[in-house]
file my_file_29.txt (compact mmCIF, C-alpha atoms)
# COMPACT_ATOMS: atom_id res chain seq x y z
CA MET A 1 7.49 -16.31 -121.90
CA ASN A 2 5.23 -15.83 -118.96
CA ASP A 3 6.72 -18.27 -116.52
CA PRO A 4 6.24 -16.84 -113.04
CA HIS A 5 9.03 -19.05 -111.74
CA ASP A 6 11.60 -17.90 -114.20
CA HIS A 7 13.33 -15.50 -111.86
CA GLY A 8 17.06 -15.68 -111.82
CA ARG A 9 17.27 -17.05 -115.32
CA SER A 10 20.77 -18.04 -116.21
CA PRO A 11 22.35 -15.30 -118.26
CA HIS A 12 23.37 -17.71 -120.98
CA LEU A 13 19.84 -18.93 -121.55
CA ALA A 14 18.46 -16.49 -124.09
CA VAL A 15 14.81 -15.61 -124.39
CA LEU A 16 13.70 -15.18 -127.94
CA PRO A 17 10.82 -12.98 -129.09
CA GLY A 18 7.44 -14.53 -128.61
CA GLY A 19 5.11 -12.32 -126.67
CA ALA A 20 5.67 -9.03 -128.43
CA ALA A 21 3.11 -6.33 -127.83
CA GLY A 22 0.53 -5.60 -130.49
CA ARG A 23 -2.16 -7.73 -132.01
CA SER A 24 -2.62 -11.21 -130.59
CA ASP A 25 -1.65 -14.25 -132.62
CA PRO A 26 -5.27 -15.17 -133.36
CA ALA A 27 -5.91 -11.62 -134.54
CA LEU A 28 -2.80 -11.67 -136.74
CA VAL A 29 -3.65 -15.08 -138.17
CA ALA A 30 -7.23 -13.99 -138.92
CA ALA A 31 -6.00 -10.78 -140.54
CA PHE A 32 -3.51 -12.66 -142.67
CA LEU A 33 -6.07 -15.20 -143.79
CA ALA A 34 -8.27 -12.27 -144.76
CA GLY A 35 -5.48 -10.94 -146.97
CA ASP A 36 -3.50 -8.63 -144.67
CA GLU A 37 0.09 -9.49 -145.60
CA ALA A 38 1.52 -7.10 -143.02
CA ALA A 39 0.11 -9.48 -140.42
CA PHE A 40 2.28 -12.22 -141.88
CA GLY A 41 5.35 -10.07 -141.29
CA ASP A 42 4.35 -9.66 -137.66
CA LEU A 43 3.79 -13.40 -137.25
CA TRP A 44 7.13 -14.14 -138.85
CA ARG A 45 9.05 -11.69 -136.69
CA ARG A 46 7.31 -13.00 -133.61
CA HIS A 47 7.75 -16.73 -134.16
CA ALA A 48 10.37 -17.42 -136.81
CA PRO A 49 13.35 -16.84 -134.47
CA ALA A 50 12.11 -19.41 -131.96
CA ALA A 51 11.14 -21.87 -134.69
CA HIS A 52 14.55 -21.39 -136.27
CA ALA A 53 16.30 -21.88 -132.94
CA ALA A 54 14.34 -25.09 -132.41
CA VAL A 55 15.45 -26.56 -135.75
CA ARG A 56 19.04 -25.33 -136.00
CA ARG A 57 20.51 -28.22 -134.10
CA PHE A 58 18.92 -30.63 -136.56
CA ALA A 59 19.71 -28.73 -139.75
CA ARG A 60 22.84 -29.50 -141.71
CA THR A 61 23.03 -26.21 -143.58
CA ALA A 62 21.71 -22.66 -143.24
CA GLU A 63 19.33 -23.33 -146.12
CA ASP A 64 18.04 -26.49 -144.46
CA GLY A 65 17.22 -24.57 -141.27
CA ALA A 66 15.41 -21.81 -143.12
CA ASP A 67 13.53 -24.35 -145.23
CA LEU A 68 12.33 -26.14 -142.10
CA VAL A 69 11.01 -22.86 -140.69
CA GLN A 70 9.28 -22.10 -143.96
CA ARG A 71 7.59 -25.50 -144.03
CA ALA A 72 6.53 -25.19 -140.41
CA PHE A 73 4.97 -21.79 -141.14
CA LEU A 74 3.10 -23.02 -144.16
CA ARG A 75 1.72 -25.98 -142.23
CA ALA A 76 0.72 -23.81 -139.30
CA LEU A 77 -1.03 -21.32 -141.57
CA GLU A 78 -2.78 -24.10 -143.42
CA ALA A 79 -3.93 -25.65 -140.16
CA ALA A 80 -5.15 -22.26 -138.97
CA ARG A 81 -7.06 -21.79 -142.21
CA ARG A 82 -8.75 -25.15 -141.81
CA ARG A 83 -9.53 -24.41 -138.16
CA ALA A 84 -11.08 -21.10 -139.18
CA ARG A 85 -13.65 -22.99 -141.24
CA LEU A 86 -14.93 -24.96 -138.27
CA PRO A 87 -18.19 -23.67 -136.79
CA PHE A 88 -17.33 -24.07 -133.10
CA ARG A 89 -13.64 -23.35 -133.13
CA GLY A 90 -11.43 -22.19 -130.32
CA ALA A 91 -8.47 -19.88 -130.81
CA PHE A 92 -5.77 -21.56 -132.86
CA PRO A 93 -2.61 -21.99 -130.73
CA PHE A 94 -0.28 -20.71 -133.42
CA ARG A 95 2.99 -20.59 -131.47
CA PRO A 96 2.83 -24.01 -129.80
CA PHE A 97 1.64 -25.47 -133.09
CA ILE A 98 4.39 -24.02 -135.22
CA LEU A 99 7.10 -24.92 -132.72
CA ARG A 100 5.82 -28.45 -132.47
CA VAL A 101 5.66 -28.80 -136.24
CA ALA A 102 9.12 -27.27 -136.60
CA LEU A 103 10.54 -29.72 -134.09
CA ASN A 104 8.89 -32.69 -135.78
CA LEU A 105 10.03 -31.61 -139.22
CA ALA A 106 13.53 -31.07 -137.90
CA LYS A 107 13.67 -34.48 -136.28
CA ASN A 108 12.50 -36.10 -139.50
CA HIS A 109 15.05 -34.07 -141.41
CA ALA A 110 17.85 -35.14 -139.08
CA ARG A 111 16.75 -38.73 -139.33
CA ASP A 112 16.80 -38.46 -143.10
CA GLU A 113 20.16 -36.83 -143.09
CA ALA A 114 21.36 -39.42 -140.57
CA ARG A 115 23.84 -37.09 -139.08
CA TRP A 116 24.07 -34.31 -136.55
CA ARG A 117 25.12 -30.84 -137.40
CA ARG A 118 28.27 -29.60 -135.74
CA ALA A 119 27.76 -26.14 -134.30
CA PRO A 120 30.09 -23.53 -135.74
CA LEU A 121 32.35 -23.25 -132.72
CA GLU A 122 34.30 -20.34 -134.13
CA ALA A 123 31.26 -18.15 -133.58
CA VAL A 124 31.13 -19.13 -129.91
CA ASP A 125 34.81 -18.84 -129.34
CA GLY A 126 35.36 -15.55 -131.03
CA GLU A 127 36.41 -13.84 -127.80
CA ALA A 128 38.45 -16.75 -126.52
CA LEU A 129 40.42 -16.77 -129.74
CA ALA A 130 41.56 -13.22 -129.02
CA ALA A 131 43.10 -14.19 -125.67
CA PRO A 132 46.86 -14.95 -125.42
CA SER A 133 46.33 -18.65 -124.71
CA ALA A 134 43.61 -18.82 -127.29
CA ALA A 135 44.73 -21.84 -129.23
CA GLU A 136 44.94 -24.19 -126.28
CA ALA A 137 41.84 -22.80 -124.60
CA SER A 138 39.78 -23.07 -127.72
CA LEU A 139 40.90 -26.65 -128.30
CA ILE A 140 39.93 -27.61 -124.78
CA ARG A 141 36.65 -25.85 -125.09
CA ALA A 142 35.98 -27.46 -128.43
CA GLU A 143 36.59 -30.82 -126.84
CA ARG A 144 34.20 -30.03 -124.01
CA ASP A 145 31.53 -28.82 -126.39
CA ALA A 146 31.94 -31.94 -128.49
CA LEU A 147 31.47 -34.07 -125.37
CA VAL A 148 28.27 -32.23 -124.50
CA ARG A 149 26.95 -32.42 -128.04
CA ALA A 150 27.62 -36.13 -128.07
CA ALA A 151 25.74 -36.41 -124.77
CA ILE A 152 22.81 -34.46 -126.27
CA ARG A 153 22.68 -36.91 -129.14
CA GLU A 154 22.36 -39.73 -126.66
CA LEU A 155 19.53 -38.15 -124.69
CA PRO A 156 16.10 -39.78 -124.80
CA ALA A 157 13.86 -38.03 -127.32
CA ARG A 158 11.69 -36.23 -124.74
CA GLN A 159 14.68 -34.88 -122.83
CA ARG A 160 16.28 -33.69 -126.04
CA GLU A 161 13.08 -31.94 -127.09
CA VAL A 162 12.80 -30.18 -123.76
CA LEU A 163 16.46 -29.19 -123.85
CA THR A 164 16.15 -27.90 -127.41
CA LEU A 165 13.09 -25.80 -126.64
CA ARG A 166 14.47 -24.49 -123.36
CA VAL A 167 18.13 -23.92 -124.24
CA ASP A 168 18.06 -23.36 -128.00
CA ALA A 169 14.66 -21.72 -128.45
CA GLY A 170 14.65 -20.00 -125.06
CA LEU A 171 11.12 -21.05 -124.17
CA SER A 172 9.90 -20.90 -120.59
CA PHE A 173 9.03 -24.24 -119.04
CA ALA A 174 5.36 -23.31 -119.33
CA GLU A 175 5.80 -22.83 -123.08
CA VAL A 176 7.88 -25.97 -123.40
CA ALA A 177 5.08 -27.88 -121.69
CA GLU A 178 2.40 -26.35 -123.92
CA THR A 179 4.39 -27.04 -127.06
CA LEU A 180 5.02 -30.67 -126.20
CA GLY A 181 1.63 -31.29 -124.66
CA ILE A 182 3.04 -32.27 -121.28
CA SER A 183 2.80 -30.80 -117.79
CA GLU A 184 5.17 -28.07 -116.71
CA GLY A 185 6.42 -30.34 -113.93
CA ASN A 186 7.15 -33.02 -116.48
CA ALA A 187 9.06 -30.50 -118.60
CA ARG A 188 11.16 -29.46 -115.60
CA VAL A 189 11.93 -33.03 -114.60
CA SER A 190 12.92 -33.89 -118.16
CA PHE A 191 15.21 -30.87 -118.17
CA HIS A 192 16.75 -31.93 -114.84
CA HIS A 193 17.48 -35.39 -116.23
CA ALA A 194 19.00 -33.91 -119.36
CA ALA A 195 21.16 -31.46 -117.40
CA ARG A 196 22.39 -34.24 -115.13
CA ARG A 197 23.41 -36.29 -118.14
CA LEU A 198 25.23 -33.40 -119.77
CA ARG A 199 26.99 -32.58 -116.55
CA ALA A 200 27.98 -36.25 -116.15
CA ALA A 201 29.46 -36.16 -119.65
CA LEU A 202 31.85 -33.50 -118.38
CA ALA A 203 32.56 -35.11 -115.00
CA PRO A 204 35.81 -36.83 -116.00
CA ARG A 205 37.12 -33.48 -117.20
CA GLU A 206 36.48 -31.48 -114.05
CA ASP A 207 40.15 -31.01 -113.18
CA GLU A 208 41.20 -29.87 -116.63
CA PRO A 209 42.79 -26.39 -116.96
CA TRP A 210 39.60 -24.82 -118.37
CA ALA A 211 37.80 -25.47 -115.08
CA PRO A 212 37.79 -22.37 -112.87
CA MET B 1 37.15 -34.80 -111.00
CA GLY B 2 36.16 -33.51 -107.65
CA ALA B 3 35.50 -36.17 -105.05
CA LEU B 4 32.90 -34.07 -103.21
CA ARG B 5 29.27 -34.78 -103.95
CA PRO B 6 26.61 -32.04 -103.86
CA CYS B 7 24.05 -32.11 -101.07
CA PRO B 8 21.07 -34.22 -102.27
CA GLU B 9 18.51 -31.85 -100.76
CA PHE B 10 19.83 -28.99 -102.91
CA GLU B 11 20.31 -30.87 -106.14
CA SER B 12 16.89 -29.97 -107.48
CA LEU B 13 17.44 -26.27 -106.73
CA LEU B 14 20.83 -26.41 -108.41
CA LEU B 15 19.17 -27.83 -111.53
CA ASP B 16 16.39 -25.23 -111.39
CA ARG B 17 18.98 -22.48 -111.28
CA ALA B 18 20.97 -24.04 -114.09
CA GLY B 19 17.78 -24.11 -116.12
CA GLY B 20 17.13 -20.46 -115.31
CA ALA B 21 13.88 -21.20 -113.54
CA ILE B 22 14.16 -20.69 -109.83
CA ASP B 23 11.89 -18.47 -107.75
CA ALA B 24 13.29 -15.71 -105.58
CA ALA B 25 12.78 -17.46 -102.25
CA ALA B 26 14.43 -20.66 -103.44
CA ALA B 27 17.27 -18.67 -104.95
CA ALA B 28 17.91 -16.96 -101.63
CA ARG B 29 17.89 -20.29 -99.81
CA LEU B 30 20.30 -21.78 -102.34
CA ASP B 31 22.65 -18.80 -102.17
CA ALA B 32 22.79 -19.08 -98.38
CA HIS B 33 23.71 -22.73 -98.72
CA LEU B 34 26.26 -22.18 -101.46
CA ALA B 35 28.12 -19.69 -99.30
CA GLY B 36 29.14 -22.52 -97.03
CA CYS B 37 29.18 -25.59 -99.31
CA GLU B 38 32.08 -26.10 -101.64
CA ALA B 39 30.65 -29.27 -103.18
CA CYS B 40 27.42 -27.55 -104.21
CA ARG B 41 29.36 -24.58 -105.55
CA ALA B 42 31.39 -26.95 -107.71
CA GLU B 43 28.24 -28.69 -108.85
CA ALA B 44 26.60 -25.38 -109.74
CA ALA B 45 29.66 -24.41 -111.77
CA ALA B 46 29.75 -27.80 -113.53
CA LEU B 47 26.07 -27.61 -114.43
CA GLY B 48 26.52 -24.07 -115.72
CA LYS B 49 29.42 -25.14 -117.92
CA ALA B 50 27.55 -28.15 -119.27
CA LEU B 51 24.53 -26.09 -120.26
CA ALA B 52 26.69 -23.32 -121.69
CA ALA B 53 28.42 -25.92 -123.84
CA ALA B 54 25.03 -27.25 -124.91
CA GLN B 55 24.03 -23.88 -126.28
CA LEU B 56 24.30 -23.18 -129.94
CA PRO B 57 26.03 -20.00 -131.05
CA PRO B 58 23.84 -17.19 -132.40
CA PRO B 59 22.74 -17.65 -136.00
CA SER B 60 25.50 -16.87 -138.48
CA GLU B 61 25.04 -14.24 -141.17
CA ALA B 62 24.44 -17.00 -143.69
CA GLU B 63 21.70 -18.47 -141.50
CA GLN B 64 20.10 -15.07 -141.02
CA ARG B 65 20.17 -14.38 -144.73
CA ALA B 66 18.62 -17.76 -145.45
CA LEU B 67 15.92 -17.07 -142.89
CA ASP B 68 15.19 -13.67 -144.43
CA ARG B 69 14.86 -15.30 -147.83
CA ALA B 70 12.57 -17.90 -146.32
CA GLN B 71 10.19 -15.19 -145.12
CA ALA B 72 9.59 -13.96 -148.66
CA ALA B 73 9.53 -17.51 -150.01
CA THR B 74 6.93 -18.56 -147.45
CA LEU B 75 4.63 -15.74 -148.48
CA ARG B 76 5.19 -16.57 -152.13
CA HIS B 77 4.35 -20.24 -151.56
CA TRP B 78 1.26 -19.29 -149.60
CA ARG B 79 0.08 -16.95 -152.33
CA GLY B 80 0.63 -19.69 -154.92
CA GLY B 81 -1.29 -22.22 -152.88
CA GLU B 82 -3.97 -19.68 -152.12
CA GLY B 83 -4.29 -18.96 -155.83
CA SER B 84 -4.85 -22.57 -156.73
CA ARG B 85 -7.24 -22.95 -153.80
CA ARG B 86 -9.17 -19.92 -155.05
CA ASN B 87 -9.29 -21.29 -158.58
CA ARG B 88 -10.40 -24.63 -157.25
CA SER B 89 -13.03 -22.95 -155.17
CA LEU B 90 -14.26 -20.98 -158.19
CA LEU B 91 -14.39 -24.17 -160.22
CA GLN B 92 -16.28 -25.89 -157.45
CA GLY B 93 -18.75 -23.01 -157.29
CA PHE B 94 -19.18 -22.95 -161.03
CA SER B 95 -19.62 -26.71 -161.23
CA ALA B 96 -22.12 -26.77 -158.43
CA GLY B 97 -24.04 -23.84 -159.92
CA PHE B 98 -24.09 -25.47 -163.31
CA ALA B 99 -25.29 -28.75 -161.87
CA VAL B 100 -28.10 -27.03 -160.01
CA ALA B 101 -29.12 -25.07 -163.11
CA ALA B 102 -29.08 -28.22 -165.21
CA ALA B 103 -31.14 -30.13 -162.68
CA ALA B 104 -33.64 -27.26 -162.43
CA ALA B 105 -33.92 -27.11 -166.20
CA VAL B 106 -34.60 -30.83 -166.33
CA LEU B 107 -37.28 -30.56 -163.68
CA VAL B 108 -39.01 -27.69 -165.48
CA ILE B 109 -38.75 -28.95 -169.02
CA ALA B 110 -39.01 -32.71 -168.65
CA PRO B 111 -42.65 -33.00 -167.47
CA GLY B 112 -43.93 -30.66 -170.17
CA ALA B 113 -41.92 -32.38 -172.85
CA TYR B 114 -43.08 -35.77 -171.66
CA ARG B 115 -46.70 -34.65 -171.67
CA ARG B 116 -46.42 -33.20 -175.13
CA ALA B 117 -44.72 -36.30 -176.42
CA GLN B 118 -47.48 -38.42 -174.96
CA GLU B 119 -50.12 -36.18 -176.43
CA ALA B 120 -48.46 -36.26 -179.81
CA GLN B 121 -48.24 -40.03 -179.63
CA GLY B 122 -51.88 -40.23 -178.58
CA GLY B 123 -52.99 -38.05 -181.51
CA ALA B 124 -51.07 -40.11 -184.03
CA GLY B 125 -52.47 -43.31 -182.58
CA THR B 126 -55.97 -42.01 -182.93
CA VAL B 127 -55.47 -41.31 -186.57
CA ALA B 128 -53.71 -44.56 -187.28
CA GLY B 129 -56.18 -46.62 -185.30
CA ASP B 130 -59.22 -45.22 -187.02
CA ALA B 131 -61.08 -45.38 -183.76
CA PRO B 132 -64.50 -44.01 -184.31
CA GLY B 133 -64.83 -42.80 -180.77
CA ALA B 134 -61.76 -40.78 -181.08
CA VAL B 135 -63.67 -37.79 -182.17
CA ALA B 136 -64.31 -37.08 -178.52
CA ALA B 137 -60.94 -35.43 -178.12
CA PRO B 138 -59.27 -34.64 -181.36
CA GLY B 139 -58.53 -31.19 -180.00
CA GLU B 140 -55.03 -29.85 -179.94
CA ALA B 141 -53.39 -33.18 -180.53
CA ALA B 142 -54.75 -33.23 -183.98
CA SER B 143 -53.54 -29.77 -184.64
CA PRO B 144 -50.62 -29.93 -187.04
CA ALA B 145 -49.02 -26.96 -185.43
CA VAL B 146 -48.94 -28.52 -181.99
CA ALA B 147 -48.03 -31.92 -183.26
CA GLY B 148 -45.25 -30.39 -185.22
CA SER B 149 -43.95 -28.58 -182.17
CA ALA B 150 -43.72 -31.87 -180.32
CA THR B 151 -42.01 -33.85 -183.01
CA ASN B 152 -40.08 -31.59 -185.32
CA GLY B 153 -39.25 -28.58 -183.13
CA TRP B 154 -36.72 -28.24 -180.25
CA GLU B 155 -36.62 -31.12 -177.83
CA PRO B 156 -34.79 -31.09 -174.52
CA ASP B 157 -31.76 -33.35 -174.66
CA LEU B 158 -32.21 -35.02 -171.29
CA ASP B 159 -29.29 -37.40 -171.63
CA SER B 160 -26.98 -34.53 -172.37
CA ALA B 161 -28.33 -32.49 -169.46
CA TRP B 162 -27.86 -35.30 -166.98
CA GLU B 163 -24.39 -36.06 -168.29
CA THR B 164 -23.41 -32.45 -167.85
CA ALA B 165 -24.80 -32.38 -164.35
CA ALA B 166 -23.03 -35.62 -163.45
CA LEU B 167 -19.79 -34.29 -164.87
CA ALA B 168 -20.09 -31.16 -162.80
CA LEU B 169 -20.79 -33.16 -159.65
CA GLY B 170 -17.93 -35.48 -160.50
CA GLU B 171 -15.51 -32.55 -160.53
CA ASP B 172 -16.67 -31.59 -157.08
CA ALA B 173 -16.06 -35.11 -155.84
CA ALA B 174 -12.56 -35.06 -157.30
CA ASP B 175 -11.83 -31.79 -155.55
CA ASP B 176 -13.06 -33.21 -152.28
CA GLU B 177 -10.64 -36.09 -152.66
CA LEU B 178 -7.87 -33.66 -153.36
CA ALA B 179 -8.74 -31.66 -150.28
CA SER B 180 -8.71 -34.82 -148.19
CA ALA B 181 -5.31 -35.73 -149.53
CA ASP B 182 -4.02 -32.29 -148.62
CA ALA B 183 -5.38 -32.63 -145.12
CA ALA B 184 -3.81 -36.05 -144.69
CA ASP B 185 -0.47 -34.65 -145.75
CA LEU B 186 -0.84 -31.62 -143.53
CA TYR B 187 -1.35 -33.56 -140.36
CA ASP B 188 1.36 -36.09 -141.03
CA LEU B 189 3.34 -35.17 -137.95
CA ASP B 190 5.03 -38.35 -137.04
CA ASP B 191 7.40 -38.24 -134.11
call {"tool": "encode", "arguments": {"input": "my_file_29.txt", "output": "structure tokens"}}
result
Amino acid sequence: MNDPHDHGRSPHLAVLPGGAAGRSDPALVAAFLAGDEAAFGDLWRRHAPAAHAAVRRFARTAEDGADLVQRAFLRALEAARRRARLPFRGAFPFRPFILRVALNLAKNHARDEARWRRAPLEAVDGEALAAPSAAEASLIRAERDALVRAAIRELPARQREVLTLRVDAGLSFAEVAETLGISEGNARVSFHHAARRLRAALAPREDEPWAP
Amino acid sequence: MGALRPCPEFESLLLDRAGGAIDAAAAARLDAHLAGCEACRAEAAALGKALAAAQLPPPSEAEQRALDRAQAATLRHWRGGEGSRRNRSLLQGFSAGFAVAAAAAVLVIAPGAYRRAQEAQGGAGTVAGDAPGAVAAPGEAASPAVAGSATNGWEPDLDSAWETAALALGEDAADDELASADAADLYDLDD
């Protein structure tokens, strides 16, 4: 969350909890491994929302999404435990690790399911549905969202990962880069490519009534 | 579809802004340009719409409930795994301790037992052989009490001790294999 270039963040790109004040991740992990279960609660509150956001697009049901987060946590904790046994160990990068594991598990899950989850549009369009021309507007918007989702499905894997972590999980580009093990510049370029593709998916619809 | 194309030199800034990652100076430069460029304004709006459409809605109540349940379930799973790891660790410790104790016992007892057995054998041989020179060292070996202690009293069961030690070490080896299997599974992060 500490991207110095992230001024003027688009209002629709949420930032999820990640750098909450209090004990550091290594301190929380060490405390939990030593038996402090309150530390687990802190870790969960700090990282589960982002991990969940990263897997939601790949999960078919609410239970699937939660299960993926649970598995990612268990793997991250297990890896941290093993790292703690090493004599010359550095700090375990809990957040990048768990997000990376969550993303990998989610991709495997989606591959196994062999289908893409449709986002519950009614939750997005709650306000639009209240407007007088709600029915038509929501249909048009649903069509646009479906176009974009189809375009996301077609993105190369790296671009989709960057988009998921940036747009869904609300990570800064620095965090996206750390999670994926790439440079921040690479993360930005991948995002640019992805955004261009999504925008191109909408290009034929520019003159439709929903356009301002 | 609008026929106007955005200015190439501002395309990167438009994408940075759409991604919510543009520094203040670049933002000011872009704003100044947008004020006079309809094509770039249209492009900015199109990018904004595309990324807004790409966003997922906030988690539903059902998703949130499932996530809350997962928190407790994760802790429960960890405790369960931790319990079996602790038991395994205790077993490993016990096995290793037992193996060391058995080995130490063998080292302490075996030489003495061997010596006594040899002495007992030597004593018997002397008697059976009727060697006249054997009087030089009848000593303790000829003593019925000592001879009896070597032949009829408690004898260390070396085979049993080694078997026990090997069994204990074997359990450790099995646990090591199990741990390796766990590790292999843990790091199975295929893309």
call {"tool": "closest_atom_pairs", "arguments": {"input": "my_file_29.txt", "of": "chain B", "to": "chain A", "cutoff": "7 Å", "atoms": "all atoms listed in the file", "output": "CSV"}}
result
residue,atom,partner,partner_atom,distance
B:Met1,CA,A:Glu206,CA,4.6
B:Gly2,CA,A:Glu206,CA,6.7
B:Leu15,CA,A:His192,CA,5.8
B:Arg17,CA,A:Ser10,CA,6.9
B:Ala18,CA,A:Ser10,CA,6.4
B:Gly19,CA,A:Ser10,CA,6.8
B:Gly20,CA,A:Arg9,CA,3.4
B:Ala21,CA,A:Asp6,CA,4.1
B:Ile22,CA,A:His7,CA,5.6
B:Asp23,CA,A:His5,CA,4.9
B:Ala24,CA,A:His7,CA,6.3
B:Ala46,CA,A:Arg199,CA,6.3
B:Leu47,CA,A:Arg199,CA,5.5
B:Ala50,CA,A:Arg199,CA,5.2
B:Leu51,CA,A:Ala195,CA,7.0
B:Ala52,CA,A:His12,CA,6.6
B:Ala53,CA,A:Asp145,CA,5.0
B:Ala54,CA,A:Val148,CA,6.0
B:Gln55,CA,A:Asp168,CA,6.2
B:Leu56,CA,A:Ala119,CA,6.3
B:Pro57,CA,A:Val124,CA,5.3
B:Ala62,CA,A:Ala62,CA,6.3
B:Glu63,CA,A:Ala62,CA,4.5
B:Ala66,CA,A:Glu63,CA,5.7
B:Leu67,CA,A:Ala66,CA,4.8
B:Ala70,CA,A:Ala66,CA,5.8
B:Thr74,CA,A:Gln70,CA,5.5
B:Trp78,CA,A:Leu74,CA,6.8
B:Leu186,CA,A:Arg75,CA,6.3
B:Leu189,CA,A:Asn104,CA,6.5
B:Asp190,CA,A:Asn104,CA,7.0
B:Asp191,CA,A:Asn104,CA,6.0
call {"tool": "atom_distance", "arguments": {"input": "my_file_29.txt", "atom1": "CA of Ile140 (chain A)", "atom2": "CA of Arg153 (chain A)"}}
result
20.1 Å
call {"tool": "atom_distance", "arguments": {"input": "my_file_29.txt", "atom1": "CA of Ala174 (chain A)", "atom2": "CA of Pro58 (chain B)"}}
result
23.4 Å
call {"tool": "residues_around", "arguments": {"input": "my_file_29.txt", "residues": "Cys40 (chain B)", "least_positions_apart": "3", "cutoff": "9 Å", "atoms": "only C-alpha atoms", "output": "MDAnalysis selection string"}}
result
chainID B and resid 4:7 10:11 14 33:34 36:37 43:45
call {"tool": "atom_distance", "arguments": {"input": "my_file_29.txt", "atom1": "CA of Ala31 (chain A)", "atom2": "CA of Ala106 (chain A)"}}
result
28.3 Å
call {"tool": "residues_around", "arguments": {"input": "my_file_29.txt", "residues": "Asp25 (chain A)", "least_positions_apart": "3", "cutoff": "8 Å", "atoms": "all atoms listed in the file", "output": "number ranges by chain"}}
result
A: 28-29, 43, 94-95
